[in-house]
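With CSV, C-alpha atoms and all ligand atoms inside, this is protein32.csv:
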```csv
chain,number,residue,atom,x,y,z
A,1,MET,CA,135.2,84.5,101.4
A,2,ALA,CA,131.9,85.1,99.5
A,3,ALA,CA,128.7,84.2,101.4
A,4,PRO,CA,127.3,80.8,100.5
A,5,GLY,CA,124.4,80.8,98.1
A,6,VAL,CA,120.8,79.7,98.8
A,7,LEU,CA,118.8,78.9,95.8
A,8,PHE,CA,115.1,79.7,96.3
A,9,VAL,CA,112.7,77.8,94.0
A,10,THR,CA,109.2,79.1,93.5
A,11,ALA,CA,106.4,77.8,91.3
A,12,GLY,CA,103.8,80.5,91.9
A,13,GLY,CA,103.4,82.9,89.0
A,14,GLU,CA,101.0,85.1,91.0
A,15,ARG,CA,101.2,86.5,94.5
A,16,GLY,CA,99.4,84.4,97.1
A,17,GLY,CA,100.4,84.1,100.8
A,18,ALA,CA,103.3,81.7,100.2
A,19,GLU,CA,104.8,84.2,97.7
A,20,THR,CA,104.3,87.1,100.1
A,21,VAL,CA,106.3,85.1,102.7
A,22,LEU,CA,109.1,84.4,100.2
A,23,LEU,CA,109.3,88.1,99.2
A,24,THR,CA,109.5,89.1,102.9
A,25,LEU,CA,112.2,86.5,103.6
A,26,LEU,CA,114.3,87.7,100.6
A,27,ARG,CA,114.0,91.3,101.8
A,28,HIS,CA,115.2,90.4,105.3
A,29,LEU,CA,117.8,87.7,104.6
A,30,ASP,CA,121.2,88.8,105.8
A,31,ARG,CA,123.1,88.9,102.5
A,32,ALA,CA,126.4,89.0,104.3
A,33,ARG,CA,125.6,85.5,105.6
A,34,PHE,CA,123.7,84.0,102.6
A,35,ARG,CA,123.5,85.1,99.0
A,36,PRO,CA,120.1,84.5,97.6
A,37,VAL,CA,119.5,83.4,94.0
A,38,VAL,CA,115.9,82.8,92.9
A,39,CYS,CA,114.6,80.5,90.2
A,40,CYS,CA,110.9,80.9,89.1
A,41,LEU,CA,109.2,77.9,87.6
A,42,ALA,CA,106.3,79.9,86.4
A,43,THR,CA,106.1,83.1,84.5
A,44,GLY,CA,103.8,85.8,85.7
A,45,PRO,CA,103.5,89.0,87.7
A,46,PHE,CA,105.3,87.4,90.7
A,47,GLU,CA,108.5,86.9,88.7
A,48,ALA,CA,108.4,90.6,87.8
A,49,GLU,CA,107.9,91.5,91.4
A,50,LEU,CA,110.9,89.5,92.5
A,51,ALA,CA,113.0,91.1,89.7
A,52,ARG,CA,112.3,94.5,91.3
A,53,LEU,CA,114.0,93.5,94.6
A,54,PRO,CA,117.3,95.3,94.5
A,55,GLY,CA,120.5,93.3,94.1
A,56,LEU,CA,118.8,89.9,93.7
A,57,GLU,CA,119.6,87.4,90.9
A,58,VAL,CA,116.3,86.1,89.5
A,59,THR,CA,116.3,83.5,86.8
A,60,ALA,CA,113.4,81.6,85.2
A,61,ALA,CA,112.9,77.9,84.2
A,62,PRO,CA,109.2,77.9,83.3
A,63,ILE,CA,107.4,74.6,83.5
A,64,ARG,CA,104.5,74.0,81.1
A,65,GLY,CA,102.3,72.2,83.7
A,66,ILE,CA,103.2,69.3,85.9
A,67,ARG,CA,102.5,66.7,83.2
A,68,HIS,CA,104.9,68.3,80.7
A,69,VAL,CA,108.0,66.2,81.4
A,70,PRO,CA,110.5,67.8,79.1
A,71,SER,CA,110.0,71.3,80.6
A,72,GLY,CA,110.3,69.6,84.1
A,73,TRP,CA,113.6,68.0,83.2
A,74,ARG,CA,114.8,71.3,81.7
A,75,ALA,CA,113.9,73.0,84.9
A,76,ILE,CA,115.8,70.5,87.0
A,77,ALA,CA,118.9,70.8,84.7
A,78,ARG,CA,118.7,74.6,85.1
A,79,LEU,CA,118.5,74.3,88.9
A,80,ARG,CA,121.5,71.9,88.9
A,81,ALA,CA,123.5,74.3,86.8
A,82,LEU,CA,122.7,77.1,89.2
A,83,VAL,CA,123.7,75.0,92.2
A,84,ARG,CA,127.1,74.4,90.6
A,85,GLU,CA,127.7,77.8,89.0
A,86,ARG,CA,126.5,80.0,91.9
A,87,ALA,CA,128.1,77.9,94.7
A,88,ILE,CA,124.8,77.0,96.2
A,89,ALA,CA,124.9,75.5,99.7
A,90,VAL,CA,121.2,75.0,100.3
A,91,VAL,CA,118.1,74.7,98.0
A,92,HIS,CA,115.0,76.2,99.5
A,93,SER,CA,111.8,75.2,97.7
A,94,ASN,CA,108.9,77.5,98.5
A,95,GLY,CA,105.8,75.3,98.4
A,96,THR,CA,104.9,71.8,97.1
A,97,GLY,CA,105.2,72.5,93.4
A,98,ALA,CA,108.7,74.0,93.8
A,99,HIS,CA,109.8,71.0,96.0
A,100,LEU,CA,109.1,68.5,93.2
A,101,TYR,CA,112.0,70.0,91.2
A,102,GLY,CA,114.2,71.6,93.9
A,103,SER,CA,114.4,68.3,95.7
A,104,VAL,CA,115.6,66.3,92.7
A,105,ALA,CA,118.2,68.9,91.7
A,106,ALA,CA,119.5,69.2,95.2
A,107,ARG,CA,119.8,65.4,95.6
A,108,ILE,CA,121.7,65.0,92.3
A,109,GLU,CA,124.0,67.9,93.2
A,110,ARG,CA,124.4,66.6,96.8
A,111,VAL,CA,123.3,69.8,98.6
A,112,PRO,CA,120.6,69.9,101.3
A,113,ALA,CA,117.1,70.6,100.3
A,114,VAL,CA,114.6,72.6,102.5
A,115,PHE,CA,111.0,72.0,101.8
A,116,HIS,CA,109.1,75.0,102.9
A,117,ALA,CA,105.5,73.6,103.0
A,118,HIS,CA,102.6,76.1,102.9
A,119,ASP,CA,99.7,73.7,102.2
A,120,LEU,CA,98.2,70.5,103.6
A,121,LEU,CA,99.7,67.5,101.9
A,122,GLY,CA,96.7,65.2,101.8
A,123,GLY,CA,96.6,62.2,99.6
A,124,GLY,CA,93.8,60.8,97.4
A,125,TRP,CA,93.6,60.2,93.7
A,126,SER,CA,93.1,63.7,92.5
A,127,GLY,CA,96.0,65.3,90.6
A,128,GLN,CA,96.9,67.4,93.7
A,129,GLY,CA,96.7,64.3,95.9
A,130,LEU,CA,99.3,62.5,93.8
A,131,VAL,CA,101.5,65.6,93.7
A,132,ASN,CA,101.3,65.8,97.5
A,133,ALA,CA,102.1,62.1,97.8
A,134,VAL,CA,105.2,62.5,95.6
A,135,ALA,CA,106.3,65.7,97.5
A,136,ARG,CA,106.0,63.9,100.9
A,137,ARG,CA,108.3,61.2,99.7
A,138,LEU,CA,111.0,63.2,97.9
A,139,PRO,CA,114.2,63.7,99.9
A,140,ALA,CA,114.7,66.8,102.0
A,141,ALA,CA,117.1,67.7,104.8
A,142,ALA,CA,114.4,69.7,106.5
A,143,VAL,CA,110.7,70.4,106.2
A,144,VAL,CA,109.6,73.8,107.5
A,145,THR,CA,106.0,74.7,108.3
A,146,PRO,CA,104.6,78.1,109.2
A,147,SER,CA,102.3,76.6,111.9
A,148,ARG,CA,102.6,73.9,114.5
A,149,PHE,CA,99.3,72.6,113.2
A,150,LEU,CA,100.8,72.0,109.7
A,151,ALA,CA,103.8,70.4,111.3
A,152,ARG,CA,101.6,67.9,113.2
A,153,THR,CA,99.9,66.9,110.0
A,154,LEU,CA,103.3,66.1,108.4
A,155,GLU,CA,105.3,64.5,111.3
A,156,GLY,CA,106.0,60.9,110.4
A,157,ARG,CA,104.6,61.4,106.9
A,158,VAL,CA,107.7,63.1,105.4
A,159,ARG,CA,111.2,61.8,105.3
A,160,ALA,CA,112.8,64.7,107.2
A,161,PRO,CA,112.7,66.5,110.5
A,162,VAL,CA,109.9,69.0,110.6
A,163,ARG,CA,110.5,72.4,112.1
A,164,THR,CA,108.1,75.3,112.5
A,165,ILE,CA,109.2,78.8,111.6
A,166,PRO,CA,106.2,81.1,111.9
A,167,ASN,CA,105.5,83.3,108.8
A,168,GLY,CA,106.8,86.8,109.3
A,169,LEU,CA,105.6,90.0,107.8
A,170,ASP,CA,106.6,93.6,107.7
A,171,ALA,CA,104.3,96.1,109.4
A,172,PRO,CA,103.1,98.5,106.7
A,173,ALA,CA,104.0,102.1,107.5
A,174,GLY,CA,101.6,104.1,109.6
A,175,THR,CA,99.4,101.2,110.6
A,176,ALA,CA,99.2,102.2,114.3
A,177,ALA,CA,97.0,105.1,113.3
A,178,ALA,CA,94.8,103.1,111.0
A,179,VAL,CA,91.7,103.1,113.2
A,180,PRO,CA,89.0,104.5,111.0
A,181,ALA,CA,87.3,107.7,112.0
A,182,PRO,CA,84.0,107.0,113.9
A,183,ARG,CA,80.9,106.9,111.6
A,184,THR,CA,77.6,105.2,111.7
A,185,GLY,CA,78.1,102.3,109.3
A,186,ARG,CA,80.8,99.8,109.9
A,187,THR,CA,82.8,97.9,107.2
A,188,VAL,CA,83.6,94.2,107.5
A,189,VAL,CA,86.4,92.9,105.2
A,190,TRP,CA,86.9,89.3,104.2
A,191,CYS,CA,90.2,88.7,102.5
A,192,GLY,CA,91.7,85.6,100.7
A,193,ARG,CA,92.0,83.6,97.6
A,194,LEU,CA,88.6,82.9,96.1
A,195,GLN,CA,88.8,79.1,96.5
A,196,ARG,CA,85.9,77.2,98.0
A,197,TRP,CA,87.6,75.9,101.1
A,198,LYS,CA,88.6,79.4,102.0
A,199,GLY,CA,84.9,79.8,102.8
A,200,ALA,CA,83.9,83.3,101.3
A,201,HIS,CA,80.4,81.8,100.8
A,202,VAL,CA,80.1,81.4,104.6
A,203,PHE,CA,81.0,85.0,105.0
A,204,LEU,CA,78.3,86.0,102.5
A,205,GLU,CA,75.7,84.0,104.5
A,206,ALA,CA,76.8,85.6,107.7
A,207,ALA,CA,76.8,89.0,106.1
A,208,ALA,CA,73.1,88.6,105.1
A,209,GLN,CA,72.2,88.0,108.7
A,210,VAL,CA,74.3,90.9,110.0
A,211,ARG,CA,72.7,93.1,107.3
A,212,ARG,CA,69.2,92.3,108.5
A,213,ALA,CA,70.1,93.2,112.1
A,214,ARG,CA,72.5,96.1,111.4
A,215,PRO,CA,71.4,97.5,107.9
A,216,GLU,CA,74.1,100.2,107.9
A,217,THR,CA,76.9,97.7,107.7
A,218,ARG,CA,79.1,97.4,104.6
A,219,PHE,CA,81.0,94.3,103.4
A,220,VAL,CA,84.0,93.9,101.2
A,221,VAL,CA,85.4,90.7,99.7
A,222,VAL,CA,89.1,91.2,98.8
A,223,GLY,CA,90.5,88.4,96.6
A,224,GLY,CA,90.3,86.7,93.3
A,225,THR,CA,91.0,83.4,91.6
A,226,LEU,CA,94.6,82.4,91.8
A,227,PHE,CA,96.7,79.7,90.2
A,228,GLY,CA,93.7,78.6,88.2
A,229,LEU,CA,92.1,77.0,91.3
A,230,ASP,CA,88.3,76.7,91.5
A,231,ALA,CA,87.9,79.1,88.6
A,232,GLY,CA,84.0,79.1,88.8
A,233,TYR,CA,83.8,80.0,92.4
A,234,ALA,CA,84.2,83.8,92.0
A,235,GLN,CA,81.1,83.9,89.7
A,236,GLU,CA,79.2,81.7,92.2
A,237,LEU,CA,79.9,84.2,94.9
A,238,GLY,CA,78.6,87.1,92.8
A,239,ALA,CA,75.4,85.1,92.2
A,240,GLN,CA,75.1,84.3,95.9
A,241,ALA,CA,75.5,87.9,96.8
A,242,THR,CA,72.7,88.9,94.4
A,243,ALA,CA,70.4,86.0,95.7
A,244,LEU,CA,71.0,87.1,99.3
A,245,GLY,CA,70.1,90.7,98.4
A,246,LEU,CA,73.6,92.0,99.3
A,247,SER,CA,74.4,93.7,96.0
A,248,ASP,CA,74.0,97.2,97.4
A,249,VAL,CA,76.1,96.6,100.5
A,250,MET,CA,78.8,94.2,99.3
A,251,ARG,CA,81.8,95.1,97.2
A,252,PHE,CA,84.2,92.6,95.4
A,253,THR,CA,87.6,94.1,94.8
A,254,GLY,CA,89.1,91.2,92.8
A,255,HIS,CA,92.7,90.1,93.5
A,256,LEU,CA,95.0,92.7,95.1
A,257,ASP,CA,98.7,92.1,95.5
A,258,ASP,CA,98.6,94.4,98.4
A,259,PRO,CA,95.4,94.3,100.4
A,260,THR,CA,96.7,96.8,103.0
A,261,PRO,CA,94.5,99.8,102.1
A,262,GLU,CA,91.3,97.7,102.3
A,263,LEU,CA,92.4,96.2,105.6
A,264,ALA,CA,93.3,99.6,106.9
A,265,ALA,CA,89.8,100.9,106.0
A,266,ALA,CA,88.1,97.9,107.8
A,267,ASP,CA,86.4,98.0,111.2
A,268,LEU,CA,86.6,94.2,111.4
A,269,VAL,CA,88.3,91.5,109.4
A,270,VAL,CA,86.8,88.0,108.9
A,271,HIS,CA,88.5,84.7,108.0
A,272,SER,CA,86.0,81.8,107.4
A,273,ALA,CA,87.8,78.8,106.0
A,274,ILE,CA,85.8,75.6,106.1
A,275,ARG,CA,88.8,73.3,106.3
A,276,PRO,CA,91.9,73.9,108.5
A,277,GLU,CA,93.9,76.7,107.1
A,278,PRO,CA,97.6,75.8,107.1
A,279,PHE,CA,98.6,79.3,108.4
A,280,GLY,CA,96.3,82.2,107.4
A,281,LEU,CA,98.7,85.0,106.5
A,282,VAL,CA,95.8,87.4,106.0
A,283,ILE,CA,95.0,87.3,109.7
A,284,VAL,CA,98.5,88.6,110.5
A,285,GLU,CA,98.1,91.2,107.8
A,286,ALA,CA,94.8,92.3,109.5
A,287,MET,CA,96.5,92.4,112.9
A,288,LEU,CA,99.3,94.5,111.5
A,289,ALA,CA,96.7,96.9,110.3
A,290,GLY,CA,95.4,97.1,113.9
A,291,LYS,CA,92.2,95.2,113.3
A,292,ALA,CA,90.2,92.7,115.4
A,293,VAL,CA,89.7,89.4,113.6
A,294,VAL,CA,86.9,86.8,113.7
A,295,ALA,CA,88.4,83.5,112.4
A,296,SER,CA,87.6,79.8,112.1
A,297,ALA,CA,88.7,77.9,115.2
A,298,GLU,CA,91.1,75.4,113.7
A,299,GLY,CA,94.5,75.1,112.0
A,300,GLY,CA,96.8,78.1,111.8
A,301,PRO,CA,94.2,80.7,112.7
A,302,ALA,CA,93.8,79.1,116.2
A,303,GLU,CA,97.5,79.7,116.8
A,304,ILE,CA,97.4,83.2,115.5
A,305,VAL,CA,94.3,84.7,117.1
A,306,GLU,CA,94.2,84.9,120.8
A,307,PRO,CA,90.5,84.5,121.4
A,308,GLY,CA,89.0,87.2,123.6
A,309,THR,CA,92.2,89.3,123.3
A,310,THR,CA,92.9,89.9,119.6
A,311,GLY,CA,89.7,88.6,118.1
A,312,LEU,CA,87.1,85.8,118.3
A,313,LEU,CA,87.2,82.2,117.0
A,314,VAL,CA,84.1,80.5,115.7
A,315,PRO,CA,83.3,77.0,114.5
A,316,PRO,CA,84.2,76.6,110.8
A,317,GLY,CA,81.3,76.5,108.3
A,318,ASP,CA,78.8,78.0,110.8
A,319,PRO,CA,77.4,81.3,109.4
A,320,ASP,CA,75.1,81.8,112.4
A,321,ALA,CA,78.0,81.7,114.8
A,322,LEU,CA,80.1,83.9,112.5
A,323,ALA,CA,77.2,86.5,112.3
A,324,ARG,CA,76.8,86.5,116.1
A,325,ALA,CA,80.6,87.0,116.6
A,326,MET,CA,80.7,89.8,114.0
A,327,MET,CA,77.8,91.6,115.7
A,328,VAL,CA,79.3,91.3,119.1
A,329,LEU,CA,82.4,93.1,117.9
A,330,LEU,CA,80.6,95.6,115.6
A,331,ASP,CA,78.5,96.7,118.5
A,332,ASP,CA,81.4,97.3,120.9
A,333,ASN,CA,83.8,100.0,119.6
A,334,GLY,CA,86.0,100.0,122.7
A,335,ARG,CA,86.5,96.2,122.7
A,336,ARG,CA,87.1,96.0,119.0
A,337,THR,CA,89.7,98.8,119.0
A,338,ALA,CA,91.4,97.2,122.0
A,339,MET,CA,91.5,93.9,120.2
A,340,GLY,CA,93.0,95.6,117.2
A,341,GLN,CA,95.8,97.2,119.2
A,342,ALA,CA,96.5,93.9,121.1
A,343,GLY,CA,96.6,92.1,117.7
A,344,LEU,CA,99.1,94.7,116.4
A,345,ALA,CA,101.4,94.1,119.4
A,346,ARG,CA,101.1,90.3,119.1
A,347,ALA,CA,101.8,90.3,115.3
A,348,ARG,CA,104.9,92.5,115.8
A,349,GLU,CA,106.1,90.2,118.6
A,350,ARG,CA,105.2,86.8,117.1
A,351,PHE,CA,105.2,87.2,113.4
A,352,ALA,CA,108.1,89.6,112.7
A,353,ALA,CA,109.9,89.4,109.4
A,354,ALA,CA,113.3,89.7,110.9
A,355,ALA,CA,112.7,86.8,113.3
A,356,MET,CA,111.6,84.6,110.4
A,357,ALA,CA,114.8,85.5,108.5
A,358,ARG,CA,117.0,84.8,111.5
A,359,SER,CA,115.4,81.4,112.0
A,360,PHE,CA,115.9,80.4,108.3
A,361,GLU,CA,119.6,81.6,108.5
A,362,ARG,CA,120.1,79.4,111.5
A,363,LEU,CA,118.6,76.5,109.7
A,364,TYR,CA,120.8,77.0,106.6
A,365,ALA,CA,123.8,77.3,108.8
A,366,ASP,CA,123.0,74.0,110.6
A,367,LEU,CA,122.5,72.3,107.3
A,368,GLN,CA,125.7,73.6,106.0
A,369,GLU,CA,127.7,72.7,109.0
A,370,ALA,CA,126.3,69.4,110.0
A,371,GLY,CA,124.0,68.4,107.1
A,372,VAL,CA,121.4,67.8,109.8
A,373,VAL,CA,118.7,69.9,111.5
A,374,ARG,CA,119.4,70.4,115.2
A,375,PRO,CA,116.3,70.6,117.4
A,376,ARG,CA,115.7,74.1,118.6
A,377,GLU,CA,113.1,74.4,121.3
A,378,ASP,CA,112.9,78.2,121.0
A,379,GLU,CA,111.3,77.9,117.6
A,380,ASP,CA,109.1,75.0,118.2
A,381,ALA,CA,107.7,76.4,121.5
B,401,LIG,C1,99.2,79.1,101.7
B,401,LIG,C2,98.2,78.7,102.8
B,401,LIG,C3,97.9,79.8,103.8
B,401,LIG,C4,99.2,80.4,104.3
B,401,LIG,C5,100.1,80.8,103.1
B,401,LIG,C6,101.5,81.3,103.6
B,401,LIG,O1,98.6,80.1,100.9
B,401,LIG,O2,97.0,78.2,102.2
B,401,LIG,O3,97.2,79.2,104.9
B,401,LIG,O4,98.9,81.5,105.0
B,401,LIG,O5,100.3,79.7,102.3
B,401,LIG,O6,102.1,80.3,104.4
```
Could you render the structure from this file as structure tokens?
Ligand code: GLC
Amino acid sequence: MAAPGVLFVTAGGERGGAETVLLTLLRHLDRARFRPVVCCLATGPFEAELARLPGLEVTAAPIRGIRHVPSGWRAIARLRALVRERAIAVVHSNGTGAHLYGSVAARIERVPAVFHAHDLLGGGWSGQGLVNAVARRLPAAAVVTPSRFLARTLEGRVRAPVRTIPNGLDAPAGTAAAVPAPRTGRTVVWCGRLQRWKGAHVFLEAAAQVRRARPETRFVVVGGTLFGLDAGYAQELGAQATALGLSDVMRFTGHLDDPTPELAAADLVVHSAIRPEPFGLVIVEAMLAGKAVVASAEGGPAEIVEPGTTGLLVPPGDPDALARAMMVLLDDNGRRTAMGQAGLARARERFAAAAMARSFERLYADLQEAGVVRPREDEDA
């Protein structure tokens, strides 16, 4: 008998962390057990990237913004047709936007829906707040979060059992050797989407302090505006770098689908979100590149970084504390290198792509057999 189908719904047209996780899952899914079909609700480079995965059926049902009701209904009709025609057993929506449509199509076609949440689902009267409120109330057979932190924010606020499956990533080839050759100046890399809450401005303030004390240090900001969010922020950062006198020591790369080369060239990687990061995929990417990490001490990063062993955690939004932690590690080559190696081992053990795929396969199988999610302590531990 042919393997049952899983319909993956994605609303991201560009590659952010959630999209990287989806690509990784699709690469590692055991196709003898589950046959993936993908439907993109946004056109853009990410759709093209999916289409390059071998042997994967990728279809599109573009939505013209959340307020455009006709394209929304067309997308739901397309998803429903895919469920019927491709013998879909489970609909897996990757992210909040995708769940709005995936959930409705799955409910009408009476197949279980998995809501793979990647973001905080706070309320409020903003457009996103209303979308979040709707997404929380839509039917799902299971809600999956990449961190226990995100699970805790959702338990009792969504209409389905919440299960944590940590994000998994592939180790890029040759990372173990990616310790930069010794030289005088060190390079500190910040990586993420240029959106205010991700806190690149805090990194800039800390960089200015580090620069005064360690003038040979270089800084790189890897990332760009994505999904049209906080479009003015990138420019503000440029102005801030100039005002802080960092222009000659700070480089902005813009968005990179694959930040691996920049991470591999770093001596230290910094994450400085000013609100709890749901997961923090870039931290795992840095660990897989064998780097020590300084990160904000809350949300997903506090579950990923083992303070004192793979990096340091600092209070969010505190450039003084961040600068101090950066200097402690910049000044200690031995400790920094050891932390990078410990981080690589931890990332391979805790955030392996194959383990993530096996967990999702078990979830799909449970849903298929019983229509319910069985508690699994091994994953939630
Ligand atoms: C979103 C979250 C980020 C997470 C990623 C993958 O981009 O903001 O914290 O790492 O999804 O789950």
Tell me, counting all atoms listed in the file, for each residue of chain A within 6 Å of ligand LIG 401 (chain B), which pair of atoms is nearest and how far apart they are in Å to one decimal, in rows ordered by chain and increasing number, as JSON lines.
```
{"residue": "A:Gly16", "atom": "CA", "partner": "B:LIG401", "partner_atom": "O1", "distance": 5.8}
{"residue": "A:Gly17", "atom": "CA", "partner": "B:LIG401", "partner_atom": "C5", "distance": 4.0}
{"residue": "A:Ala18", "atom": "CA", "partner": "B:LIG401", "partner_atom": "C6", "distance": 3.9}
{"residue": "A:His118", "atom": "CA", "partner": "B:LIG401", "partner_atom": "O5", "distance": 4.3}
{"residue": "A:Asp119", "atom": "CA", "partner": "B:LIG401", "partner_atom": "O2", "distance": 5.2}
{"residue": "A:Pro146", "atom": "CA", "partner": "B:LIG401", "partner_atom": "O6", "distance": 5.8}
{"residue": "A:Glu277", "atom": "CA", "partner": "B:LIG401", "partner_atom": "O3", "distance": 4.7}
{"residue": "A:Pro278", "atom": "CA", "partner": "B:LIG401", "partner_atom": "O3", "distance": 4.1}
{"residue": "A:Phe279", "atom": "CA", "partner": "B:LIG401", "partner_atom": "O3", "distance": 3.8}
{"residue": "A:Gly280", "atom": "CA", "partner": "B:LIG401", "partner_atom": "O4", "distance": 3.6}
{"residue": "A:Leu281", "atom": "CA", "partner": "B:LIG401", "partner_atom": "O4", "distance": 3.8}
```
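Pairwise distance (CA of Ala206 (chain A), CA of Leu150 (chain A)) equals 27.7 Å.
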At a cut-off of 10 Å, can you tabulate as CSV every residue of region 84-161 of chain A near region 51-72 of chain A together with its closest atom pair and the distance in Å to one decimal, using only C-alpha atoms and ordering rows by chain then number?
```
residue,atom,partner,partner_atom,distance
A:Gly97,CA,A:Ile66,CA,8.4
A:Leu100,CA,A:Gly72,CA,9.2
A:Tyr101,CA,A:Gly72,CA,7.3
A:Gly127,CA,A:Ile66,CA,9.5
A:Val131,CA,A:Ile66,CA,8.8
```
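Distances here use all atoms listed in the file; by that measure, the residue among A:Arg33, A:Thr153, A:Gly254, A:Glu205 closest to Ala241 (chain A) is A:Glu205.
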Note to self: Please list as a list in words every residue within 6 Å of Ala141 (chain A), counting all atoms listed in the file and excluding residues in the same chain fewer than 3 positions away.
What the structure shows: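 Surrounding residues, per the criterion: Pro112, Ala113, Val114 and Ala160 of chain A.
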Next item on the list: Please provide as a list of chain:residue names all residues within 9 Å of Val314 (chain A), with the sequence filter that same-chain residues fewer than 4 positions apart are discarded (counting all atoms listed in the file).
Entry: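 The residues satisfying every condition are A:Ser272, A:Val294, A:Ala295, A:Ser296, A:Ala297, A:Glu298, A:Asp318, A:Ala321, A:Leu322, A:Ala325.
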Note to self: Every residue with an atom at most 10 Å from (97.3, 97.9, 119.2) (file coordinates; all atoms listed in the file) is what I'm after, so could you write them as a PyMOL selection string?
What the structure shows: chain A and resi 175-177+179+287-292+310+337-348
Could you take the residues named above and write them with C-alpha atoms, as a tab-separated table (two decimals), keeping the file's coordinate frame?
```
chain	number	residue	atom	x	y	z
A	175	THR	CA	99.40	101.20	110.60
A	176	ALA	CA	99.20	102.20	114.30
A	177	ALA	CA	97.00	105.10	113.30
A	179	VAL	CA	91.70	103.10	113.20
A	287	MET	CA	96.50	92.40	112.90
A	288	LEU	CA	99.30	94.50	111.50
A	289	ALA	CA	96.70	96.90	110.30
A	290	GLY	CA	95.40	97.10	113.90
A	291	LYS	CA	92.20	95.20	113.30
A	292	ALA	CA	90.20	92.70	115.40
A	310	THR	CA	92.90	89.90	119.60
A	337	THR	CA	89.70	98.80	119.00
A	338	ALA	CA	91.40	97.20	122.00
A	339	MET	CA	91.50	93.90	120.20
A	340	GLY	CA	93.00	95.60	117.20
A	341	GLN	CA	95.80	97.20	119.20
A	342	ALA	CA	96.50	93.90	121.10
A	343	GLY	CA	96.60	92.10	117.70
A	344	LEU	CA	99.10	94.70	116.40
A	345	ALA	CA	101.40	94.10	119.40
A	346	ARG	CA	101.10	90.30	119.10
A	347	ALA	CA	101.80	90.30	115.30
A	348	ARG	CA	104.90	92.50	115.80
```
Notebook entry, point to check: Which residues, written as a PyMOL selection string, have at least one atom at most 9 Å from region 74-85 of chain A, with only C-alpha atoms counted and residues fewer than 4 positions away on the same chain left out?
Noted result: chain A and resi 5-7+9+37+39+41+60-63+69-70+89-91+101-102+104-106+108-109+111
Item checked: CA of Arg211 (chain A) to CA of Arg196 (chain A), distance in Å rounded to a single decimal ->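 If I compute the distance from CA of Arg211 (chain A) to CA of Arg196 (chain A), I get 22.7 Å.
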Note to self: Between CA of Pro315 (chain A) and CA of Lys198 (chain A), what distance in Å does the model show, to one decimal?
What the structure shows: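 Between CA of Pro315 (chain A) and CA of Lys198 (chain A) the gap works out to 13.8 Å.
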Next item on the list: May I ask which of the residues A:Pro4, A:Pro301, A:Pro172, A:Gly311 is the closest one to Phe34 (chain A), counting all atoms listed in the file?
Entry: A:Pro4
Note to self: Between A:Glu14, A:Glu216, A:Glu306, A:Glu19, which residue has the minimum interatomic distance to Asp248 (chain A), considering only C-alpha atoms?
What the structure shows: A:Glu216
Notebook entry, point to check: Which residue out of A:Ala273, A:Cys40, A:Leu363, A:Ala239 has the minimum interatomic distance to Val162 (chain A) when all atoms listed in the file are used?
Noted result: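 Under the stated criterion, the closest residue is A:Leu363.
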Margin query: Just checking: using all atoms listed in the file, which residue out of A:Val21, A:Ala48, A:Ala11, A:Val221 ends up closest to His99 (chain A)?
Written below: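 Distance minimum relative to His99 (chain A) lands on A:Ala11.
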Note to self: Can you tell me which residues surround Ala32 (chain A) at a distance of at most 9 Å, considering all atoms listed in the file, apart from same-chain residues fewer than 2 positions away, and format the answer as number ranges by chain?
What the structure shows: A: 2-3, 29-30, 34-35
Notebook entry, point to check: Which residue out of A:Glu47, A:Asp366, A:Glu285, A:Glu155 has the minimum interatomic distance to Ala352 (chain A) when all atoms listed in the file are used?
Noted result: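 Closest to Ala352 (chain A), using all atoms listed in the file: A:Glu285.
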